[in-house]
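What's in data-v2.txt: compact mmCIF, C-alpha atoms and all ligand atoms
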```
# COMPACT_ATOMS: atom_id res chain seq x y z
CA MET A 404 0.00 0.00 0.00
CA THR A 405 1.26 3.50 -0.74
CA TYR A 406 1.54 5.94 2.14
CA PRO A 407 2.94 9.43 1.94
CA PRO A 408 5.03 10.23 0.03
CA PHE A 409 2.57 8.81 -2.50
CA THR A 410 4.08 7.27 -5.60
CA PRO A 411 2.75 8.77 -8.85
CA ARG A 412 -0.29 6.85 -10.00
CA VAL A 413 -2.69 7.92 -12.74
CA PHE A 414 -6.42 7.16 -12.70
CA SER A 415 -9.21 8.29 -14.98
CA GLY A 416 -12.66 7.16 -16.06
CA ILE A 417 -15.20 7.51 -18.83
CA GLN A 418 -18.92 6.72 -18.75
CA PRO A 419 -20.26 4.03 -21.09
CA SER A 420 -23.32 6.12 -21.76
CA GLY A 421 -23.18 6.16 -25.58
CA GLY A 422 -20.66 6.44 -28.37
CA LEU A 423 -17.25 8.04 -27.94
CA THR A 424 -16.79 11.51 -29.41
CA LEU A 425 -13.74 13.32 -30.71
CA GLY A 426 -13.99 15.34 -27.45
CA ASN A 427 -13.54 12.17 -25.40
CA TYR A 428 -10.67 11.07 -27.61
CA LEU A 429 -8.70 14.33 -27.65
CA GLY A 430 -9.67 15.53 -24.16
CA ALA A 431 -9.17 12.19 -22.44
CA ILE A 432 -8.21 8.93 -24.19
CA LYS A 433 -5.33 10.25 -26.31
CA ARG A 434 -3.83 11.75 -23.18
CA PHE A 435 -4.38 8.49 -21.26
CA VAL A 436 -2.29 6.79 -23.93
CA ASN A 437 0.52 9.35 -23.64
CA MET A 438 0.65 8.98 -19.88
CA GLN A 439 0.76 5.22 -20.18
CA ASN A 440 4.11 5.57 -21.92
CA ALA A 441 5.61 7.68 -19.15
CA ASP A 442 6.93 6.40 -15.86
CA PHE A 443 3.56 6.12 -14.16
CA GLU A 444 1.36 3.32 -13.07
CA THR A 445 -1.87 3.94 -15.03
CA ILE A 446 -5.40 2.75 -14.30
CA TYR A 447 -8.29 3.50 -16.66
CA CYS A 448 -11.88 2.74 -15.81
CA ILE A 449 -15.18 2.35 -17.59
CA VAL A 450 -17.55 3.85 -15.04
CA ASP A 451 -20.72 1.82 -15.57
CA LEU A 452 -22.04 2.67 -12.10
CA HIS A 453 -21.84 6.36 -12.95
CA ALA A 454 -23.75 5.77 -16.17
CA ILE A 455 -26.85 4.46 -14.36
CA THR A 456 -27.27 7.77 -12.48
CA VAL A 457 -29.50 8.46 -15.49
CA TRP A 458 -31.60 5.72 -17.10
CA GLN A 459 -29.68 3.22 -19.24
CA ASN A 460 -31.28 0.47 -21.26
CA PRO A 461 -29.56 -2.67 -19.84
CA LYS A 462 -28.73 -4.23 -23.22
CA GLU A 463 -27.33 -0.94 -24.49
CA LEU A 464 -25.28 -0.48 -21.32
CA THR A 465 -23.70 -3.90 -21.83
CA HIS A 466 -22.93 -3.06 -25.45
CA ASN A 467 -21.61 0.41 -24.65
CA THR A 468 -19.36 -0.92 -21.88
CA ARG A 469 -17.70 -3.38 -24.25
CA GLU A 470 -17.53 -0.78 -27.00
CA LEU A 471 -15.79 1.68 -24.70
CA CYS A 472 -13.28 -0.99 -23.75
CA ALA A 473 -12.72 -1.64 -27.46
CA GLY A 474 -12.29 2.13 -27.93
CA PHE A 475 -9.67 2.26 -25.19
CA ILE A 476 -7.65 -0.56 -26.73
CA ALA A 477 -8.09 0.59 -30.33
CA SER A 478 -6.81 4.05 -29.32
CA GLY A 479 -3.64 2.53 -27.93
CA LEU A 480 -4.29 1.61 -24.31
CA ASP A 481 -2.48 -1.64 -23.69
CA PRO A 482 -3.84 -4.02 -21.03
CA LYS A 483 -0.26 -5.07 -20.36
CA LYS A 484 0.85 -1.51 -19.62
CA SER A 485 -2.29 -0.11 -17.98
CA ILE A 486 -4.87 -1.63 -15.69
CA LEU A 487 -8.16 -1.49 -17.64
CA ILE A 488 -11.26 -2.02 -15.56
CA ASN A 489 -14.99 -1.88 -15.45
CA GLN A 490 -16.07 -0.09 -12.29
CA SER A 491 -18.69 -2.61 -11.10
CA HIS A 492 -16.05 -5.38 -11.18
CA VAL A 493 -14.17 -3.73 -8.32
CA PRO A 494 -16.57 -3.49 -5.35
CA GLU A 495 -14.23 -1.31 -3.26
CA HIS A 496 -15.20 1.71 -5.41
CA THR A 497 -18.74 1.64 -4.00
CA GLN A 498 -17.63 0.66 -0.50
CA LEU A 499 -15.39 3.71 -0.28
CA ALA A 500 -18.08 5.87 -1.91
CA TRP A 501 -20.36 5.19 1.06
CA VAL A 502 -17.70 6.35 3.51
CA PHE A 503 -17.20 9.46 1.37
CA ASN A 504 -20.96 10.12 1.32
CA CYS A 505 -20.56 10.51 5.04
CA ILE A 506 -17.56 12.86 4.68
CA ALA A 507 -18.90 15.15 1.92
CA ARG A 508 -21.50 17.78 2.84
CA VAL A 509 -24.85 18.32 1.10
CA GLY A 510 -23.83 21.93 0.37
CA TRP A 511 -20.77 20.75 -1.54
CA MET A 512 -22.90 18.60 -3.83
CA GLN A 513 -25.41 21.39 -4.39
CA ARG A 514 -22.69 23.53 -5.92
CA MET A 515 -21.79 20.99 -8.63
CA THR A 516 -22.55 22.47 -12.03
CA GLN A 517 -22.72 19.06 -13.77
CA PHE A 518 -25.55 18.07 -11.41
CA LYS A 519 -27.37 21.33 -12.13
CA ASP A 520 -26.91 20.87 -15.90
CA LYS A 521 -27.95 17.22 -15.95
CA ALA A 522 -30.82 17.53 -13.47
CA GLY A 523 -32.11 20.65 -15.23
CA LYS A 524 -35.25 22.29 -13.92
CA ASN A 525 -36.54 19.03 -12.54
CA ALA A 526 -33.90 18.49 -9.81
CA GLN A 527 -36.46 16.98 -7.41
CA LYS A 528 -37.01 14.13 -9.87
CA ALA A 529 -33.28 13.45 -10.49
CA SER A 530 -31.91 10.24 -8.99
CA LEU A 531 -30.16 10.42 -5.64
CA GLY A 532 -27.23 8.76 -7.40
CA LEU A 533 -26.87 11.73 -9.76
CA PHE A 534 -26.68 14.03 -6.75
CA CYS A 535 -24.03 12.10 -4.81
CA TYR A 536 -22.13 10.98 -7.94
CA PRO A 537 -19.06 13.14 -7.15
CA ALA A 538 -18.47 11.14 -3.94
CA LEU A 539 -18.31 7.96 -6.06
CA MET A 540 -15.94 9.72 -8.45
CA ALA A 541 -13.72 10.69 -5.50
CA ALA A 542 -13.80 7.07 -4.36
CA ASP A 543 -12.84 5.85 -7.87
CA ILE A 544 -9.69 7.91 -7.63
CA LEU A 545 -8.78 7.61 -3.97
CA ILE A 546 -9.35 3.85 -3.65
CA TYR A 547 -6.13 3.66 -5.70
CA HIS A 548 -4.39 6.51 -3.82
CA ALA A 549 -4.10 8.00 -7.31
CA THR A 550 -2.10 11.21 -7.48
CA HIS A 551 -2.83 12.43 -11.04
CA VAL A 552 -6.12 12.48 -12.95
CA PRO A 553 -6.15 13.42 -16.67
CA VAL A 554 -9.58 14.79 -17.64
CA GLY A 555 -11.23 17.46 -19.76
CA GLU A 556 -12.05 20.86 -18.31
CA ASP A 557 -15.64 19.90 -17.45
CA GLN A 558 -14.36 17.64 -14.64
CA LYS A 559 -12.32 20.28 -12.83
CA GLN A 560 -14.96 20.99 -10.22
CA HIS A 561 -15.37 17.30 -9.40
CA LEU A 562 -11.63 17.01 -8.88
CA GLU A 563 -11.65 19.97 -6.51
CA LEU A 564 -14.35 18.16 -4.57
CA THR A 565 -12.19 15.03 -4.55
CA ARG A 566 -9.42 17.07 -2.94
CA ASP A 567 -11.88 18.49 -0.39
CA ILE A 568 -13.04 14.99 0.54
CA ALA A 569 -9.44 13.75 0.98
CA ILE A 570 -8.57 16.81 3.08
CA LYS A 571 -11.63 16.44 5.32
CA PHE A 572 -11.12 12.69 5.78
CA ASN A 573 -7.46 13.18 6.68
CA HIS A 574 -8.39 16.02 9.02
CA ASP A 575 -11.34 14.29 10.74
CA TYR A 576 -9.42 11.09 11.37
CA LYS A 577 -6.11 12.87 12.03
CA ILE A 578 -4.18 10.74 9.57
CA ASP A 579 -2.43 11.53 6.31
CA PHE A 580 -4.07 8.66 4.47
CA PHE A 581 -5.52 9.92 1.17
CA PRO A 582 -3.39 11.89 -1.32
CA ILE A 583 -4.47 15.34 -2.50
CA THR A 584 -4.94 14.52 -6.17
CA GLU A 585 -3.67 16.76 -8.98
CA PRO A 586 -5.97 17.31 -11.96
CA VAL A 587 -4.10 17.07 -15.26
CA ILE A 588 -5.98 19.35 -17.67
CA GLU A 589 -3.59 20.30 -20.44
CA GLY A 590 -3.16 20.55 -24.21
CA THR A 591 -5.26 22.32 -26.83
CA ALA A 592 -8.23 19.96 -26.56
CA THR A 593 -9.32 20.19 -22.92
CA LYS A 594 -12.65 21.48 -24.18
CA VAL A 595 -13.58 20.44 -27.72
CA MET A 596 -16.66 22.42 -28.74
CA SER A 597 -19.73 21.49 -30.76
CA LEU A 598 -19.32 21.77 -34.54
CA ARG A 599 -22.67 23.60 -34.67
CA ASP A 600 -22.04 26.07 -31.85
CA GLY A 601 -18.55 27.07 -30.77
CA THR A 602 -19.75 28.08 -27.31
CA LYS A 603 -21.15 24.64 -26.39
CA LYS A 604 -19.16 21.52 -25.43
CA MET A 605 -19.08 18.66 -27.95
CA SER A 606 -21.15 16.02 -26.21
CA LYS A 607 -22.52 12.55 -26.87
CA SER A 608 -25.88 13.73 -25.54
CA ASP A 609 -26.34 16.64 -28.00
CA PRO A 610 -29.52 15.92 -30.01
CA SER A 611 -27.76 16.89 -33.26
CA ASP A 612 -25.37 14.25 -34.59
CA LEU A 613 -23.85 16.97 -36.80
CA SER A 614 -22.56 18.66 -33.64
CA ARG A 615 -19.99 15.94 -32.96
CA ILE A 616 -17.61 13.50 -34.58
CA ASN A 617 -18.04 9.96 -33.25
CA LEU A 618 -15.14 7.54 -33.22
CA THR A 619 -17.39 5.15 -35.13
CA ASP A 620 -18.14 7.63 -37.98
CA ASP A 621 -16.90 6.60 -41.42
CA ALA A 622 -14.68 8.82 -43.59
CA GLU A 623 -17.59 10.24 -45.57
CA THR A 624 -19.55 11.17 -42.46
CA ILE A 625 -16.52 12.84 -40.87
CA ALA A 626 -15.90 14.87 -44.05
CA LYS A 627 -19.58 15.88 -44.24
CA LYS A 628 -19.67 17.01 -40.60
CA ILE A 629 -16.53 19.10 -40.99
CA ARG A 630 -17.80 20.59 -44.25
CA LYS A 631 -21.02 21.60 -42.49
CA ALA A 632 -19.27 22.84 -39.35
CA LYS A 633 -20.24 26.39 -38.43
CA THR A 634 -17.59 29.04 -39.14
CA ASP A 635 -17.41 32.77 -39.72
CA SER A 636 -16.58 34.21 -43.13
CA ASP A 637 -13.10 35.60 -42.39
CA ALA A 638 -9.82 33.99 -43.37
CA LEU A 639 -7.77 32.25 -40.69
CA PRO A 640 -5.40 34.59 -38.83
CA SER A 641 -1.65 34.03 -38.68
CA GLU A 642 -1.46 34.45 -34.89
CA PRO A 643 -3.55 32.97 -32.04
CA ALA A 644 -4.58 36.50 -30.93
CA GLY A 645 -6.54 36.84 -34.20
CA MET A 646 -8.99 34.13 -33.07
CA LYS A 647 -10.30 36.13 -30.14
CA ASP A 648 -14.12 36.19 -30.24
CA ARG A 649 -14.14 33.62 -33.05
CA PRO A 650 -15.12 30.48 -31.07
CA GLU A 651 -15.78 28.28 -34.12
CA ALA A 652 -12.46 29.16 -35.75
CA GLN A 653 -10.67 28.61 -32.46
CA ASN A 654 -12.34 25.22 -32.05
CA LEU A 655 -11.43 23.89 -35.51
CA VAL A 656 -7.85 25.10 -35.16
CA ASN A 657 -7.59 23.55 -31.69
CA ILE A 658 -8.86 20.25 -33.08
CA TYR A 659 -6.30 20.39 -35.89
CA SER A 660 -3.56 21.19 -33.40
CA ALA A 661 -4.49 18.32 -31.05
CA LEU A 662 -4.93 15.78 -33.88
CA SER A 663 -1.59 16.67 -35.45
CA ASP A 664 0.34 17.14 -32.18
CA GLN A 665 1.42 20.60 -33.26
CA PRO A 666 1.10 23.86 -31.35
CA VAL A 667 -1.66 26.22 -32.50
CA GLU A 668 1.04 28.70 -33.59
CA THR A 669 2.40 26.18 -36.08
CA VAL A 670 -1.05 25.42 -37.50
CA LEU A 671 -1.69 29.13 -37.99
CA ARG A 672 1.71 29.64 -39.56
CA ASP A 673 0.67 27.07 -42.19
CA PHE A 674 -2.95 28.17 -42.65
CA GLY A 675 -2.93 31.89 -41.73
CA GLY A 676 -4.58 33.99 -44.45
CA ARG A 677 -6.37 30.97 -45.98
CA GLN A 678 -10.11 30.47 -46.13
CA PHE A 679 -12.10 27.75 -44.37
CA SER A 680 -12.76 26.27 -47.80
CA ASP A 681 -9.02 25.38 -47.82
CA PHE A 682 -8.71 24.52 -44.18
CA LYS A 683 -11.72 22.23 -43.82
CA PRO A 684 -10.61 19.61 -46.39
CA ALA A 685 -7.17 19.49 -44.72
CA LEU A 686 -8.84 19.04 -41.32
CA SER A 687 -11.10 16.28 -42.71
CA GLU A 688 -8.17 14.41 -44.15
CA LEU A 689 -6.28 14.64 -40.87
CA ALA A 690 -9.31 13.60 -38.80
CA VAL A 691 -10.02 10.62 -41.05
CA SER A 692 -6.38 9.51 -40.92
CA VAL A 693 -6.50 9.43 -37.12
CA ILE A 694 -10.04 8.14 -36.55
CA SER A 695 -10.46 5.53 -39.30
CA PRO A 696 -7.84 3.11 -37.98
CA ILE A 697 -9.36 3.41 -34.50
CA SER A 698 -12.90 2.72 -35.67
CA LYS A 699 -11.75 -0.24 -37.80
CA GLU A 700 -9.93 -1.73 -34.84
CA MET A 701 -12.97 -1.16 -32.62
CA THR A 702 -15.12 -3.14 -35.03
CA ASN A 703 -12.53 -5.92 -35.03
CA LEU A 704 -12.35 -6.07 -31.26
CA MET A 705 -16.14 -6.01 -30.91
CA SER A 706 -16.40 -9.20 -32.93
CA ASP A 707 -14.93 -11.09 -29.95
CA SER A 708 -16.79 -9.88 -26.88
CA ALA A 709 -15.55 -12.83 -24.79
CA GLU A 710 -11.99 -11.54 -25.22
CA ILE A 711 -13.05 -8.06 -24.07
CA ASP A 712 -14.66 -9.59 -20.98
CA ARG A 713 -11.45 -11.52 -20.26
CA ILE A 714 -9.37 -8.35 -20.53
CA LEU A 715 -11.66 -6.58 -18.07
CA THR A 716 -11.62 -9.54 -15.69
CA TYR A 717 -7.83 -9.57 -15.74
CA GLY A 718 -7.85 -5.81 -15.06
CA ALA A 719 -10.18 -6.25 -12.09
CA GLU A 720 -7.89 -8.87 -10.57
CA GLN A 721 -4.91 -6.53 -10.79
CA ALA A 722 -6.98 -3.62 -9.48
CA ARG A 723 -8.17 -5.47 -6.41
CA GLU A 724 -4.60 -6.06 -5.30
CA ILE A 725 -4.49 -2.29 -4.82
CA THR A 726 -8.03 -1.58 -3.66
CA GLU A 727 -8.56 -4.33 -1.08
CA PRO A 728 -5.78 -3.26 1.32
CA ILE A 729 -6.73 0.43 0.96
CA MET A 730 -10.38 -0.37 1.77
CA LYS A 731 -9.40 -2.56 4.70
CA LYS A 732 -7.24 0.23 6.11
CA THR A 733 -10.02 2.79 5.58
CA TYR A 734 -12.44 0.67 7.64
CA GLU A 735 -9.80 0.27 10.31
CA ILE A 736 -9.22 4.05 10.45
CA THR A 737 -12.95 4.70 10.78
CA GLY A 738 -13.28 2.18 13.61
CA MET A 739 -15.11 -0.69 11.90
CA ILE A 740 -14.12 -3.99 13.46
CA ALA A 741 -12.56 -6.54 11.14
CA ARG A 742 -14.19 -9.96 10.71
CA ALA A 743 -12.71 -12.49 13.17
CA ARG A 744 -10.71 -15.19 11.46
P1 LIG B 801 -17.75 11.54 -20.31
O1 LIG B 801 -18.01 11.15 -21.71
O2 LIG B 801 -18.61 12.69 -19.85
O3 LIG B 801 -17.68 10.40 -19.36
O4 LIG B 801 -16.28 12.18 -20.32
C1 LIG B 801 -15.13 11.37 -20.34
C2 LIG B 801 -13.88 12.19 -20.43
O5 LIG B 801 -13.85 12.92 -21.66
C3 LIG B 801 -13.74 13.25 -19.31
O6 LIG B 801 -12.37 13.34 -18.96
C4 LIG B 801 -14.20 14.50 -19.97
O7 LIG B 801 -13.63 15.65 -19.38
C5 LIG B 801 -13.69 14.30 -21.40
N1 LIG B 801 -14.51 15.04 -22.35
C6 LIG B 801 -15.82 14.84 -22.65
N2 LIG B 801 -16.27 15.72 -23.58
C7 LIG B 801 -15.20 16.50 -23.87
C8 LIG B 801 -14.99 17.60 -24.77
N3 LIG B 801 -15.98 18.06 -25.54
N4 LIG B 801 -13.76 18.15 -24.82
C9 LIG B 801 -12.75 17.69 -24.06
N5 LIG B 801 -12.87 16.65 -23.19
C10 LIG B 801 -14.08 16.07 -23.09
N1 LIG B 802 -17.25 12.10 -14.02
C1 LIG B 802 -16.51 11.75 -15.19
C2 LIG B 802 -17.30 12.23 -16.44
O1 LIG B 802 -18.48 12.46 -16.36
C3 LIG B 802 -16.23 10.29 -15.30
C4 LIG B 802 -15.49 9.77 -14.11
C5 LIG B 802 -16.01 8.98 -13.13
C6 LIG B 802 -14.14 10.01 -13.78
N2 LIG B 802 -15.02 8.67 -12.21
C7 LIG B 802 -13.88 9.30 -12.58
C8 LIG B 802 -13.11 10.75 -14.37
C9 LIG B 802 -12.63 9.34 -11.94
C10 LIG B 802 -11.88 10.80 -13.72
C11 LIG B 802 -11.63 10.08 -12.54
O2 LIG B 802 -16.71 12.38 -17.45
```
What would the structure in this file look like if it were written as structure tokens?
Amino acid sequence: MTYPPFTPRVFSGIQPSGGLTLGNYLGAIKRFVNMQNADFETIYCIVDLHAITVWQNPKELTHNTRELCAGFIASGLDPKKSILINQSHVPEHTQLAWVFNCIARVGWMQRMTQFKDKAGKNAQKASLGLFCYPALMAADILIYHATHVPVGEDQKQHLELTRDIAIKFNHDYKIDFFPITEPVIEGTATKVMSLRDGTKKMSKSDPSDLSRINLTDDAETIAKKIRKAKTDSDALPSEPAGMKDRPEAQNLVNIYSALSDQPVETVLRDFGGRQFSDFKPALSELAVSVISPISKEMTNLMSDSAEIDRILTYGAEQAREITEPIMKKTYEITGMIARAR
């Protein structure tokens, strides 16, 4: 078990609540892959228990869970280098979440913007799970004593809450047991925006399919969506400052930058002064060259669901070597008696 000083350990999660978007890929998965090749232990989780905070058709949830696992692997996550898990396979996540429900305060949860957005005007009818979801997210991370969490910008507030929970637990029980996790929100794609509205996040739940690129879209669909993407009528500037107040231009350039692993400055040096009618075909070609191999490999992997289930089972076994002792120690700290042998 790791005690302070905590060894670097990366954890992140994605909900299997529908297809993967380019936002998920650039904001999360691509960065998971990069971190896997550094000197960290990396754990990546399909958070099926988070998904059911809003209604999920059971058959679709099963399919989406496997498809997300296929997406992880097709994007370059390697079950030999990273621990790949499905949340409900590792019961310590929910055990620790209960303890954290008793640490976190109702007022903290009421401030969460994701809850307000998802619950909408009908908050009284939202599930209790949706309300206390950030305590489960904190448990996902802290049951591994994870120190670094790569996510997109929309998760920043949840990670601050995770830090607050760790601080309060350590303070209440007078023990330096949980690490104060660092969010890792970096790169040009921490918030990929909708292709129809540069002020709105690209999301799998947007009613318009034209607003997003899905990892399962074919080349023609990707090209069509980029061709139809909203833009203004000016040429691209040669410097980043020239994109101020041009959210759609900024978004497409950011996407190009993240897909090609080049700084925005370099992209604008190449495309500055050119029209979107020149830039969009180049962006389509780049997007197709990155996404097509991933979607082909996903289809391949999905043809053998038993193998996906084996990979996740193997991941859960490795995960529990970390989570069981941390959970046992947490119960001990809180005064729960251990079962007699
Ligand atoms: P979700 O699909 O909401 O479970 O999100 C999974 C991960 O993808 C989280 O780290 C999010 O922050 C990230 N993510 C989702 N949508 C976007 C987006 N439009 N831009 C950047 N990152 C995103
Ligand atoms: N809340 C995240 C989202 O909606 C998903 C998530 C659940 C997560 N547990 C996590 C992300 C732990 C990072 C770490 O996208």
Separation of CA of Asp575 (chain A) from CA of Thr733 (chain A), in Å and rounded to one decimal: 12.7 Å
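Excluding Leu598 (chain A) itself and any same-chain residue fewer than 5 positions from it, the protein and nucleic acid residues within 9 Å of it, counting only C-alpha atoms, are Lys603, Met605, Leu613, Ser614, Arg615, Ile616, Lys628, Ile629, Lys631, Ala632, Lys633, Thr634, Glu651, Asn654 and Leu655 of chain A.
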Expected answer as a VMD selection string: residues within 9 Å of ligand LIG 801 (chain B), all atoms listed in the file: chain A and resid 415 to 432 449 to 450 453 to 454 552 to 559 588 592 to 597 603 to 607 615
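You will find CA of Tyr447 (chain A) at 5.7 Å from CA of Phe414 (chain A).
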Kindly indicate which residue among A:Thr516, A:Arg742, A:Ala522, A:Ser530 lies nearest to His561 (chain A), using all atoms listed in the file for the distances. A:Thr516
Nearest residue to ligand LIG 802 (chain B) from the set A:Ile714, A:Ile476, A:Ile486, A:Met540 (distances using all atoms listed in the file): A:Met540
